[in-house]
Structures are given as C-alpha cells and as structure tokens.
Amino acid sequence: MDYQSLFAAALYKQLKEQLDQEKICQLIEKPKYSEMGDFAFPCFELAKIFRKSPNQIAGELAEQLECPPLFEKVEAVGGYVNVFLNQMEVSASVVAKVIQRKEQYGSLNHGNGEVITIDFSSPNIAKPFSMGHLRSTVIGHSLARIGEKNGFGVVRINHLGDWGTQFGKLIAAYKLWGNEEKIRVNPIKELLTLYVKFHDEAEHDASLIDEGRLWFKRLEDGDQEARELWKWFREESLKEFNSIYELLGVTFDSTQGEAFYNNKMERVVQLLEEKQLLKESDGALVVESAEEMPPCLIKKKDGTTLYATRDLAAAIYRHEAYGSSRSLYVVGNEQTLHFKQLFDVLGKMDYEWSQGLKHVPFGMMLKDGKKMSTRKGKVVLLEEVLKEAVDLARQNIADKNPSLTDKERVAYQVGTGAVMFHDLKNHRLNDVEFSLNAMLKFEGETGPYVQYTHARASSILRKGGYEENTEALAFVDDQAWRVVKGLMDFPEAVKRSFDGNDPSQVAKYILDLAKSFNQYYGNVRILDAVEGRQEKLSLVHAVKVVLKESMYLLGLEAPEEM
Ligand code: ARG
C-alpha cells in the first residue's frame, strides 16, 4: 500500500461512520510546503456532519490518530490534519525499491492482463504522412506503453487507409496521366500530384467522377488490373511510412488496414438486417442514429461500402480476434462524429463490449498559428521534418559536447525525442505549435532537457565509480527529500496517465522530477561529498532508473551521454 492509502486507512478507523476509505483517500492533499507535512487531510467537509469547526475536528482527529509505520509526526493546523513521514526510513525504502525493481518500478497490475486494442497512426495510402498522423502515432505509441505499464495486454493496430472511393479516382487518374517511372522514383509525391490533378480536372469535367466511381467499383469487385495497381500504390506508400516508423521506433502488431475488411462487411450488413436496423434512403442503406446525429451510411446507391462500414467490421473483428474488452481510437478531433455514429450503431446491435470503445481525440499541429495542410500540393514531408530535427540536434551536440563518441546515434535520439516530447507535454486536445527551434532547446520543458538530465545522472554515476548498492541508501536533507517524493509519485502518474488516456501526465511528471533532481545536483555536493557519498549516489541511480522508464513511456530514448 502506498503512504497516502496508509494514512487514509488510519483516518478511516475514526471516520467509519462518516466517510468511506476511498473518499478519504481522495480528499487527502499533498501540501506544497514542507512545513505542512507530506500529506494533509482537510476537515472542512466534516464540519457540517460533526457540527464543529474544522479546527476542532482536525485537533481531535490528530490526537486520536494511530500513526501507521514510517509516519512520525501528526499536527493539526488550520483545519487540516498534517502528517510527516520518517524521511530517513522512507527514503531508504523508496530508493531500495527502485533499485531492486529497476524498470519494473511503477508497474501496476490493475489491467490484470485484460486486452486493449489501440488504433493509431493509420495514415492513408498514396497520400503524404500528415502532421495529424504524426500526432496520432506519437500519442498512440505512448498510450500503448502506458497501457502495458498498467498491466494491460496491448494490441497495436495501424488501420491503414487503404480502401475507399479515392482509390478509384487515383486509378482513373493514373490511367489517364500516370507515369510508372516517375512514380517509382517518388511514389507519394507523384501519386498526390495525380490525385490533385484529378480533382482540378473534375471541376470542369464531371464525367471524371463517374470514371473514378467505376474504377472503385471494379476494385471492390476484384478486377485484376485495378487490384494490381492498388497493390502497387499500397506497397510503395508503406515503404515510406515504414521509414518514418523506424525513425521514431514505433511498431505495430497489425497493419491490417481498411482493405482487410472487404470480405467481412457482408456479414455486418447481414447482421444489421437481421436486427432490422437498416433503412433505405435515396437508394442507399443507412442506420438511423439516436439524438441529433445524421444517419450512419452503410452502403451507397451503387452498392459500394464506406469508411464507417469498414470500421464496423473492424470493431467486431477485433473483439472476436483479440478478445479485447476495451479499444482506443487515437484519431483527430474532426472525426468525433464518425466515432459517435460508429459506437451508436454497435450499441444498437446489442454489443455490450461497445461500451469499452473510446475515441481519443487530439488537436491540430500548427505552424505559425496556422494549420499545416497537405492539400493542394502544399506538402510538408514529414520525413524531411524529422531529419531536420535530427540535423539541428546534431549541431547542438557538436556545440555542447564535441568529443561525444556516439554522436550520430545521440543526434537521432535527441532529434526524434524532441519532436515526441513537444507533442506530448501538453494535453492532447491542445493544438501544438510546431517549432523545431523551441523543441530542441536544452533548457525549459523540452525533450533534450529531460534527456540531458538523464545523461547528467549517468555521468555522475560513472565519475563516482558507482556500484549498485542496496544497503547504504538513506542520507536525507531537504533537497533530497523532494527528489525522493518525486520518485514516490511515479506509480500514481502511471495510473493517472492511463485513466485519462493522457501521456502529458507522464511528461509533466518527468519535468518535475528532472527539475528537483537538477536543483539537488546544483545545491548538494555529491562526488566530493564528505558525508553520505554512497547514499547520494544511490539516489542518483534511482533517479536515473525512473527518468529512463518514464521517458520510455513517452517513446523517448535515454542517452547515457550527450
Ligand atoms: N485513415 C484515417 C484518416 O487518416 C484514420 C483512421 C482511423 N482509424 C479508424 N479505425 N477509423 O483519416
């Protein structure tokens, strides 16, 4: 049990009649100032129940409190019961725990191995990997690791946009104006050019739209030429996407995109029919939605299926194939309605598990306050942007530490880490301003700052000739105590970030820990300490372990030197 829960249990002995233990635990605060102790229980809510002043209640509670082990002092101040931990013993125990459990420290098992699928990244074939897809990739990758850390079995799914009417248009465009050679050299750019041209031309030649529709129909019917072209476009696109994933260190358990569900949609339509949910509307098949949502389109007039149809089939398939009880869809804000409709239809189909489906939306990536768009040829090639981040990191490293041995590798770790941290440090619903210079700074709330802190801890350990030691652990002063408390907070940050599908909880946690550690390092002699040198090194080691693990949860690597 953690210390907060122990305190809650002790209070509960006296407040059984008034509050349950969980509520007590929620009420407990962590005071900002160390004079107020380590935990504080406010008595204001109890004033009405007891018909006494909060001060009086706090006084009585404090007097009667049976202090749990490792708590050494209780005080009643200003309507609060403040308790103080025994810093010496708690520090020893926390540091020992971190050193023994290593990267397992902070791992929780409330997931109980339950399976959760996370649908993320999911770029569209034949289109550039957009900034929105980058956000989904970074957030989803982190949520997957956070899910595992919480004891869930995570299935990572890249629901590639590899099916739909746009491929009919693309094939039509290729047949009219395509050049195989050019596409081989620069696939995504060329395919995008074709797609854009198709739309421009279609504005004054409506027959093109029919042509595109026809090709999609052929594709869905299994026409060989259509299939082969589609397959080729898909493969070329995947090559480019994969190089981005490799750069970021992102992996998937499944890259079955929309096309995978082609032969699974008929069953969905049948099921919908059996449940009498399908209605005809202008020749198309729809499911009417609850509330004020437009109906969910299942099949078009010409019999072709839609994005939503494939998502229905995918949800059912995933539940059956993986036995998942929860699913997260990490997809931009603008698809909120789509997911509402999707979950609504699945609910109407009486799938109880649809309760466990959740859209995890996020805001936009902005450049100079404006949306970074991929349309109309205004392409931001993500791979180039990432490489630019790495270049800038390389320069910074050359300035700071010209003698570094593994420069190239560290430049990659820092460049990509900067982009990821910058994305994750604020709540995902906020828009993100994409500024390479800001994200690559070594000071402030950046990836390089936390990586640098880790490298600094590693360097102290190297210089101090530290050898793992689980005995000499506790040497405490005020500065060290702040750091120890930071270490203690890690499991809670792990839980919070999972509960809110919110990696920024981990990012904020890292920044706090890094700040208090840097302060400690700035004020306390470690390497030439007269007293407690081994103990201090143990604390540094524990910080290094937790920094590294928490960075891992965000997808960041932790360089030993930089
Ligand atoms: N490919 C889609 C897009 O770029 C995102 C897919 C998200 N996942 C899903 N199951 N619908 O807009």
# chains A, B, ... in the order shown; residues from 1 in each chain; ligands from 1
>>> residues_near_ligand(ligand="ligand 1", cutoff="10 Å", atoms="only C-alpha atoms and all ligand atoms", output="CSV table (one decimal) with C-alpha atoms, in the first residue's frame")
chain,number,residue,atom,x,y,z
A,118,ILE,CA,-5.1,0.8,-29.7
A,119,ASP,CA,-5.9,2.0,-33.2
A,120,PHE,CA,-3.3,4.7,-34.0
A,121,SER,CA,-1.3,6.3,-36.8
A,122,SER,CA,-3.4,4.9,-39.6
A,123,PRO,CA,-2.2,7.1,-42.5
A,124,ASN,CA,-3.8,7.0,-45.9
A,125,ILE,CA,-2.1,5.2,-48.8
A,127,LYS,CA,-1.0,10.4,-49.5
A,129,PHE,CA,2.0,11.1,-43.9
A,130,SER,CA,0.5,14.2,-42.4
A,132,GLY,CA,-2.1,14.7,-37.8
A,133,HIS,CA,-0.9,11.2,-38.4
A,136,SER,CA,-1.7,10.0,-33.7
A,157,ILE,CA,-3.2,-1.6,-34.8
A,158,ASN,CA,-2.3,0.6,-37.7
A,159,HIS,CA,-5.7,0.9,-39.5
A,160,LEU,CA,-4.2,2.0,-42.8
A,161,GLY,CA,-6.5,4.0,-45.1
A,162,ASP,CA,-6.0,1.7,-48.0
A,163,TRP,CA,-9.6,1.4,-49.3
A,257,GLY,CA,-5.9,-1.6,-43.0
A,258,GLU,CA,-9.4,-0.9,-44.3
A,307,TYR,CA,-15.3,4.1,-44.1
A,308,ALA,CA,-17.9,3.5,-41.4
A,310,ARG,CA,-15.3,-1.0,-42.6
A,311,ASP,CA,-14.9,0.4,-39.1
A,312,LEU,CA,-18.0,-1.6,-38.0
A,314,ALA,CA,-13.1,-3.9,-37.8
A,315,ALA,CA,-14.6,-3.4,-34.4
A,328,LEU,CA,-8.9,3.2,-28.1
A,329,TYR,CA,-9.1,5.1,-31.4
A,330,VAL,CA,-6.4,7.7,-31.5
A,331,VAL,CA,-7.8,9.9,-34.2
A,332,GLY,CA,-8.1,13.7,-34.7
A,334,GLU,CA,-12.5,16.2,-36.7
A,335,GLN,CA,-13.7,12.6,-36.7
A,338,HIS,CA,-17.8,9.4,-37.1
A,339,PHE,CA,-16.9,7.6,-33.9
A,342,LEU,CA,-19.9,4.0,-35.0
A,359,HIS,CA,-12.4,7.8,-29.3
>>> residues_around(residues="Arg318 (chain A)", least_positions_apart="6", cutoff="9 Å", atoms="only C-alpha atoms", output="list in words")
Thr117, Ser324 and Ser327 of chain A
>>> closest_residue(among="A:Ala457, A:Val83, A:Leu134, A:Ile146", to="Met372 (chain A)", atoms="only C-alpha atoms")
A:Leu134
>>> residues_around(residues="Arg145 (chain A)", least_positions_apart="6", cutoff="9 Å", atoms="only C-alpha atoms", output="list in words")
Val154, Tyr552, Leu553, Leu554 and Gly555 of chain A
>>> select_by_dssp(residues="region 25-253 of chain A", states="helix (DSSP H, G or I)", output="ChimeraX atom specification")
/A:25-27,34-36,44-50,54-64,87-104,131-149,165-177,180-185,187-202,207-221,224-248
>>> select_by_dssp(residues="region 25-228 of chain A", states="strand (DSSP E or B)", output="ChimeraX atom specification")
/A:29,39-42,71-77,80-85,115-119,124,153-157,161
>>> residues_around(residues="Glu531 (chain A)", least_positions_apart="5", cutoff="12 Å", atoms="only C-alpha atoms", output="ChimeraX atom specification")
/A:472,474-477,524-526,536-537
>>> write_last_selection(atoms="C-alpha atoms", output="PDB file, in the first residue's frame")
ATOM      1  CA  ALA A 472      23.690   2.366   2.012  1.00  0.00           C
ATOM      2  CA  ALA A 474      19.386   6.896   3.096  1.00  0.00           C
ATOM      3  CA  PHE A 475      21.003  10.187   3.542  1.00  0.00           C
ATOM      4  CA  VAL A 476      18.427  12.876   3.676  1.00  0.00           C
ATOM      5  CA  ASP A 477      18.304  16.592   3.611  1.00  0.00           C
ATOM      6  CA  VAL A 524      24.408  19.365  -2.897  1.00  0.00           C
ATOM      7  CA  ARG A 525      27.899  18.024  -3.157  1.00  0.00           C
ATOM      8  CA  ILE A 526      27.758  14.503  -4.425  1.00  0.00           C
ATOM      9  CA  LYS A 536      23.728  10.084  -2.582  1.00  0.00           C
ATOM     10  CA  LEU A 537      24.949   8.032  -5.492  1.00  0.00           C
TER      11      LEU A 537
END
>>> residues_around(residues="region 482-496 of chain A", least_positions_apart="3", cutoff="7 Å", atoms="only C-alpha atoms", output="MDAnalysis selection string")
chainID A and resid 91 94 106:107 146 150 478:479 499:500 505:506 509 513 516:517
>>> write_last_selection(atoms="C-alpha atoms", output="CSV table (one decimal), in the first residue's frame")
chain,number,residue,atom,x,y,z
A,91,SER,CA,13.9,7.4,1.6
A,94,VAL,CA,11.8,4.0,-1.8
A,106,GLY,CA,5.9,1.8,-11.0
A,107,SER,CA,4.4,-1.1,-13.0
A,146,ILE,CA,1.4,3.3,-20.7
A,150,ASN,CA,-0.6,-0.5,-16.1
A,478,ASP,CA,15.5,18.8,2.4
A,479,GLN,CA,16.7,18.8,-1.2
A,499,ASP,CA,-7.1,6.7,-16.7
A,500,GLY,CA,-7.2,9.9,-18.7
A,505,GLN,CA,0.7,13.3,-17.1
A,506,VAL,CA,3.9,11.4,-17.6
A,509,TYR,CA,5.9,14.1,-14.1
A,513,LEU,CA,11.5,15.0,-11.3
A,516,SER,CA,14.0,18.7,-8.5
A,517,PHE,CA,16.9,16.5,-9.4
>>> residues_around(residues="Ile49 (chain A)", least_positions_apart="5", cutoff="12 Å", atoms="only C-alpha atoms", output="list of chain:residue names")
A:Leu15, A:Glu17, A:Gln18, A:Leu19, A:Cys43, A:Phe44, A:Pro54, A:Ile57
>>> write_last_selection(atoms="N, CA, C and O atoms", output="PDB file, in the first residue's frame")
ATOM      1  N   LEU A  15     -13.291   7.513  11.215  1.00  0.00           N
ATOM      2  CA  LEU A  15     -14.353   8.178  10.450  1.00  0.00           C
ATOM      3  C   LEU A  15     -15.283   7.187   9.754  1.00  0.00           C
ATOM      4  O   LEU A  15     -16.005   7.549   8.819  1.00  0.00           O
ATOM      5  N   GLU A  17     -18.060   5.960  10.311  1.00  0.00           N
ATOM      6  CA  GLU A  17     -19.485   6.296  10.229  1.00  0.00           C
ATOM      7  C   GLU A  17     -19.737   7.401   9.199  1.00  0.00           C
ATOM      8  O   GLU A  17     -20.830   7.513   8.679  1.00  0.00           O
ATOM      9  N   GLN A  18     -18.711   8.215   8.981  1.00  0.00           N
ATOM     10  CA  GLN A  18     -18.943   9.417   8.173  1.00  0.00           C
ATOM     11  C   GLN A  18     -18.506   9.277   6.705  1.00  0.00           C
ATOM     12  O   GLN A  18     -19.175   9.771   5.816  1.00  0.00           O
ATOM     13  N   LEU A  19     -17.372   8.635   6.483  1.00  0.00           N
ATOM     14  CA  LEU A  19     -16.825   8.607   5.121  1.00  0.00           C
ATOM     15  C   LEU A  19     -16.282   7.221   4.801  1.00  0.00           C
ATOM     16  O   LEU A  19     -15.827   6.510   5.704  1.00  0.00           O
ATOM     17  N   CYS A  43     -10.519  19.060   6.917  1.00  0.00           N
ATOM     18  CA  CYS A  43     -11.682  18.670   7.720  1.00  0.00           C
ATOM     19  C   CYS A  43     -12.914  19.522   7.451  1.00  0.00           C
ATOM     20  O   CYS A  43     -13.892  19.463   8.195  1.00  0.00           O
ATOM     21  N   PHE A  44     -12.870  20.299   6.380  1.00  0.00           N
ATOM     22  CA  PHE A  44     -13.962  21.251   6.143  1.00  0.00           C
ATOM     23  C   PHE A  44     -15.286  20.559   5.841  1.00  0.00           C
ATOM     24  O   PHE A  44     -16.336  20.955   6.305  1.00  0.00           O
ATOM     25  N   PRO A  54     -13.837  23.059  11.703  1.00  0.00           N
ATOM     26  CA  PRO A  54     -12.802  22.215  11.099  1.00  0.00           C
ATOM     27  C   PRO A  54     -11.568  22.122  11.994  1.00  0.00           C
ATOM     28  O   PRO A  54     -10.968  21.048  12.121  1.00  0.00           O
ATOM     29  N   ILE A  57     -12.189  19.667  14.765  1.00  0.00           N
ATOM     30  CA  ILE A  57     -12.202  18.281  14.261  1.00  0.00           C
ATOM     31  C   ILE A  57     -10.779  17.820  13.978  1.00  0.00           C
ATOM     32  O   ILE A  57     -10.373  16.724  14.363  1.00  0.00           O
TER      33      ILE A  57
END
>>> closest_residue(among="A:Glu561, A:Glu352, A:Asp210, A:Glu181", to="Lys400 (chain A)", atoms="only C-alpha atoms")
A:Glu561
>>> atom_distance(atom1="CA of Thr304 (chain A)", atom2="CA of Lys348 (chain A)")
22.6 Å
>>> closest_residue(among="A:Thr309, A:Ser354, A:Ser93, A:Thr405", to="Leu272 (chain A)", atoms="only C-alpha atoms")
A:Thr309
>>> atom_distance(atom1="CA of Gly532 (chain A)", atom2="CA of Arg462 (chain A)")
17.2 Å
>>> residues_around(residues="region 384-388 of chain A", least_positions_apart="2", cutoff="9 Å", atoms="only C-alpha atoms", output="list in words")
Ile244, Leu247, Leu248, Val380, Leu381, Leu382, Val390, Asp391, Leu392, Ala393, Tyr412, Gly415, Thr416, Val419 and Leu436 of chain A
>>> write_last_selection(atoms="N, CA, C and O atoms", output="PDB file, in the first residue's frame")
ATOM      1  N   ILE A 244       9.450   6.162 -41.598  1.00  0.00           N
ATOM      2  CA  ILE A 244       9.110   7.088 -40.510  1.00  0.00           C
ATOM      3  C   ILE A 244       8.973   6.329 -39.192  1.00  0.00           C
ATOM      4  O   ILE A 244       9.485   6.749 -38.154  1.00  0.00           O
ATOM      5  N   LEU A 247      12.341   5.487 -37.835  1.00  0.00           N
ATOM      6  CA  LEU A 247      12.983   6.663 -37.259  1.00  0.00           C
ATOM      7  C   LEU A 247      12.476   6.917 -35.842  1.00  0.00           C
ATOM      8  O   LEU A 247      13.224   7.277 -34.935  1.00  0.00           O
ATOM      9  N   LEU A 248      11.178   6.731 -35.648  1.00  0.00           N
ATOM     10  CA  LEU A 248      10.573   7.031 -34.352  1.00  0.00           C
ATOM     11  C   LEU A 248      10.612   5.844 -33.390  1.00  0.00           C
ATOM     12  O   LEU A 248      10.264   5.985 -32.220  1.00  0.00           O
ATOM     13  N   VAL A 380       3.957  19.037 -46.500  1.00  0.00           N
ATOM     14  CA  VAL A 380       5.040  19.071 -45.540  1.00  0.00           C
ATOM     15  C   VAL A 380       5.508  17.624 -45.444  1.00  0.00           C
ATOM     16  O   VAL A 380       4.793  16.772 -44.947  1.00  0.00           O
ATOM     17  N   LEU A 381       6.656  17.350 -45.971  1.00  0.00           N
ATOM     18  CA  LEU A 381       7.088  15.956 -45.944  1.00  0.00           C
ATOM     19  C   LEU A 381       7.681  15.629 -44.588  1.00  0.00           C
ATOM     20  O   LEU A 381       8.720  16.143 -44.185  1.00  0.00           O
ATOM     21  N   LEU A 382       6.960  14.776 -43.909  1.00  0.00           N
ATOM     22  CA  LEU A 382       7.278  14.510 -42.531  1.00  0.00           C
ATOM     23  C   LEU A 382       8.690  13.967 -42.336  1.00  0.00           C
ATOM     24  O   LEU A 382       9.391  14.333 -41.400  1.00  0.00           O
ATOM     25  N   VAL A 390      16.749  16.097 -36.513  1.00  0.00           N
ATOM     26  CA  VAL A 390      17.981  15.372 -36.208  1.00  0.00           C
ATOM     27  C   VAL A 390      19.206  16.229 -36.554  1.00  0.00           C
ATOM     28  O   VAL A 390      20.180  16.281 -35.795  1.00  0.00           O
ATOM     29  N   ASP A 391      19.133  16.941 -37.683  1.00  0.00           N
ATOM     30  CA  ASP A 391      20.242  17.823 -38.068  1.00  0.00           C
ATOM     31  C   ASP A 391      20.507  18.882 -37.004  1.00  0.00           C
ATOM     32  O   ASP A 391      21.656  19.137 -36.626  1.00  0.00           O
ATOM     33  N   LEU A 392      19.404  19.472 -36.555  1.00  0.00           N
ATOM     34  CA  LEU A 392      19.533  20.525 -35.563  1.00  0.00           C
ATOM     35  C   LEU A 392      20.112  19.963 -34.263  1.00  0.00           C
ATOM     36  O   LEU A 392      20.973  20.585 -33.622  1.00  0.00           O
ATOM     37  N   ALA A 393      19.664  18.772 -33.902  1.00  0.00           N
ATOM     38  CA  ALA A 393      20.190  18.118 -32.697  1.00  0.00           C
ATOM     39  C   ALA A 393      21.691  17.868 -32.864  1.00  0.00           C
ATOM     40  O   ALA A 393      22.486  18.076 -31.951  1.00  0.00           O
ATOM     41  N   TYR A 412      20.062  11.282 -33.389  1.00  0.00           N
ATOM     42  CA  TYR A 412      18.762  10.696 -33.717  1.00  0.00           C
ATOM     43  C   TYR A 412      17.854  10.645 -32.496  1.00  0.00           C
ATOM     44  O   TYR A 412      16.677  11.005 -32.542  1.00  0.00           O
ATOM     45  N   GLY A 415      16.908  14.290 -31.616  1.00  0.00           N
ATOM     46  CA  GLY A 415      16.053  14.931 -32.627  1.00  0.00           C
ATOM     47  C   GLY A 415      14.634  14.379 -32.586  1.00  0.00           C
ATOM     48  O   GLY A 415      13.654  15.131 -32.512  1.00  0.00           O
ATOM     49  N   THR A 416      14.500  13.061 -32.615  1.00  0.00           N
ATOM     50  CA  THR A 416      13.155  12.487 -32.617  1.00  0.00           C
ATOM     51  C   THR A 416      12.507  12.646 -31.234  1.00  0.00           C
ATOM     52  O   THR A 416      11.310  12.908 -31.133  1.00  0.00           O
ATOM     53  N   VAL A 419      10.829  15.999 -30.891  1.00  0.00           N
ATOM     54  CA  VAL A 419       9.534  16.101 -31.567  1.00  0.00           C
ATOM     55  C   VAL A 419       8.448  15.399 -30.730  1.00  0.00           C
ATOM     56  O   VAL A 419       7.349  15.917 -30.542  1.00  0.00           O
ATOM     57  N   LEU A 436      10.716  23.806 -34.519  1.00  0.00           N
ATOM     58  CA  LEU A 436      11.901  22.984 -34.270  1.00  0.00           C
ATOM     59  C   LEU A 436      12.838  23.637 -33.267  1.00  0.00           C
ATOM     60  O   LEU A 436      13.361  22.973 -32.369  1.00  0.00           O
TER      61      LEU A 436
END
>>> closest_residue(among="A:Lys97, A:Lys358, A:His422, A:Arg156", to="Ala389 (chain A)", atoms="only C-alpha atoms")
A:His422
>>> decode(residues="region 122-133 of chain A", atoms="all heavy atoms", output="tab-separated table (two decimals), in the first residue's frame")
chain	number	residue	atom	x	y	z
A	122	SER	N	-2.42	5.11	-38.53
A	122	SER	CA	-3.43	4.93	-39.57
A	122	SER	C	-3.42	5.97	-40.69
A	122	SER	O	-4.44	6.62	-40.96
A	122	SER	CB	-4.83	4.90	-38.93
A	122	SER	OG	-4.86	4.01	-37.85
A	123	PRO	N	-2.27	6.14	-41.35
A	123	PRO	CA	-2.21	7.09	-42.46
A	123	PRO	C	-2.92	6.54	-43.69
A	123	PRO	O	-3.30	5.36	-43.72
A	123	PRO	CB	-0.71	7.20	-42.74
A	123	PRO	CG	-0.15	5.89	-42.31
A	123	PRO	CD	-0.99	5.44	-41.15
A	124	ASN	N	-3.08	7.39	-44.67
A	124	ASN	CA	-3.76	6.98	-45.90
A	124	ASN	C	-2.76	6.72	-47.01
A	124	ASN	O	-1.86	7.53	-47.26
A	124	ASN	CB	-4.74	8.07	-46.31
A	124	ASN	CG	-5.78	8.30	-45.24
A	124	ASN	OD1	-6.27	7.35	-44.63
A	124	ASN	ND2	-6.09	9.55	-44.97
A	125	ILE	N	-2.94	5.56	-47.64
A	125	ILE	CA	-2.09	5.18	-48.75
A	125	ILE	C	-2.15	6.22	-49.87
A	125	ILE	O	-3.20	6.81	-50.10
A	125	ILE	CB	-2.61	3.83	-49.31
A	125	ILE	CG1	-2.49	2.75	-48.23
A	125	ILE	CG2	-1.91	3.41	-50.57
A	125	ILE	CD1	-1.13	2.54	-47.72
A	126	ALA	N	-1.02	6.40	-50.52
A	126	ALA	CA	-0.93	7.30	-51.67
A	126	ALA	C	-1.05	8.77	-51.28
A	126	ALA	O	-1.22	9.63	-52.13
A	126	ALA	CB	-1.96	6.97	-52.74
A	127	LYS	N	-1.00	9.03	-49.99
A	127	LYS	CA	-1.00	10.42	-49.54
A	127	LYS	C	0.17	10.59	-48.59
A	127	LYS	O	0.61	9.64	-47.96
A	127	LYS	CB	-2.29	10.71	-48.77
A	127	LYS	CG	-3.51	10.74	-49.63
A	127	LYS	CD	-4.43	11.83	-49.14
A	127	LYS	CE	-5.70	11.84	-49.94
A	127	LYS	NZ	-6.87	11.91	-49.10
A	128	PRO	N	0.64	11.81	-48.46
A	128	PRO	CA	1.75	12.02	-47.54
A	128	PRO	C	1.31	11.75	-46.11
A	128	PRO	O	0.14	11.90	-45.77
A	128	PRO	CB	2.09	13.49	-47.70
A	128	PRO	CG	1.38	13.96	-48.90
A	128	PRO	CD	0.24	13.05	-49.14
A	129	PHE	N	2.25	11.32	-45.31
A	129	PHE	CA	2.03	11.11	-43.89
A	129	PHE	C	1.88	12.50	-43.27
A	129	PHE	O	2.82	13.28	-43.25
A	129	PHE	CB	3.29	10.43	-43.36
A	129	PHE	CG	3.13	9.75	-42.04
A	129	PHE	CD1	3.01	8.37	-42.00
A	129	PHE	CD2	3.14	10.45	-40.86
A	129	PHE	CE1	2.89	7.71	-40.77
A	129	PHE	CE2	3.02	9.80	-39.64
A	129	PHE	CZ	2.90	8.43	-39.60
A	130	SER	N	0.70	12.80	-42.78
A	130	SER	CA	0.45	14.18	-42.36
A	130	SER	C	0.88	14.43	-40.92
A	130	SER	O	1.18	13.51	-40.18
A	130	SER	CB	-1.03	14.49	-42.48
A	130	SER	OG	-1.72	13.83	-41.44
A	131	MET	N	0.85	15.69	-40.56
A	131	MET	CA	1.16	16.06	-39.18
A	131	MET	C	0.13	15.46	-38.22
A	131	MET	O	0.45	15.12	-37.10
A	131	MET	CB	1.15	17.58	-39.05
A	131	MET	CG	2.40	18.18	-39.63
A	131	MET	SD	3.80	17.67	-38.62
A	131	MET	CE	5.12	18.07	-39.72
A	132	GLY	N	-1.10	15.37	-38.67
A	132	GLY	CA	-2.13	14.74	-37.85
A	132	GLY	C	-1.79	13.28	-37.59
A	132	GLY	O	-1.95	12.77	-36.47
A	133	HIS	N	-1.30	12.61	-38.62
A	133	HIS	CA	-0.91	11.21	-38.43
A	133	HIS	C	0.31	11.10	-37.52
A	133	HIS	O	0.45	10.14	-36.78
A	133	HIS	CB	-0.66	10.53	-39.78
A	133	HIS	CG	-1.90	10.44	-40.61
A	133	HIS	ND1	-2.03	11.05	-41.83
A	133	HIS	CD2	-3.09	9.83	-40.37
A	133	HIS	CE1	-3.25	10.81	-42.31
A	133	HIS	NE2	-3.90	10.09	-41.44
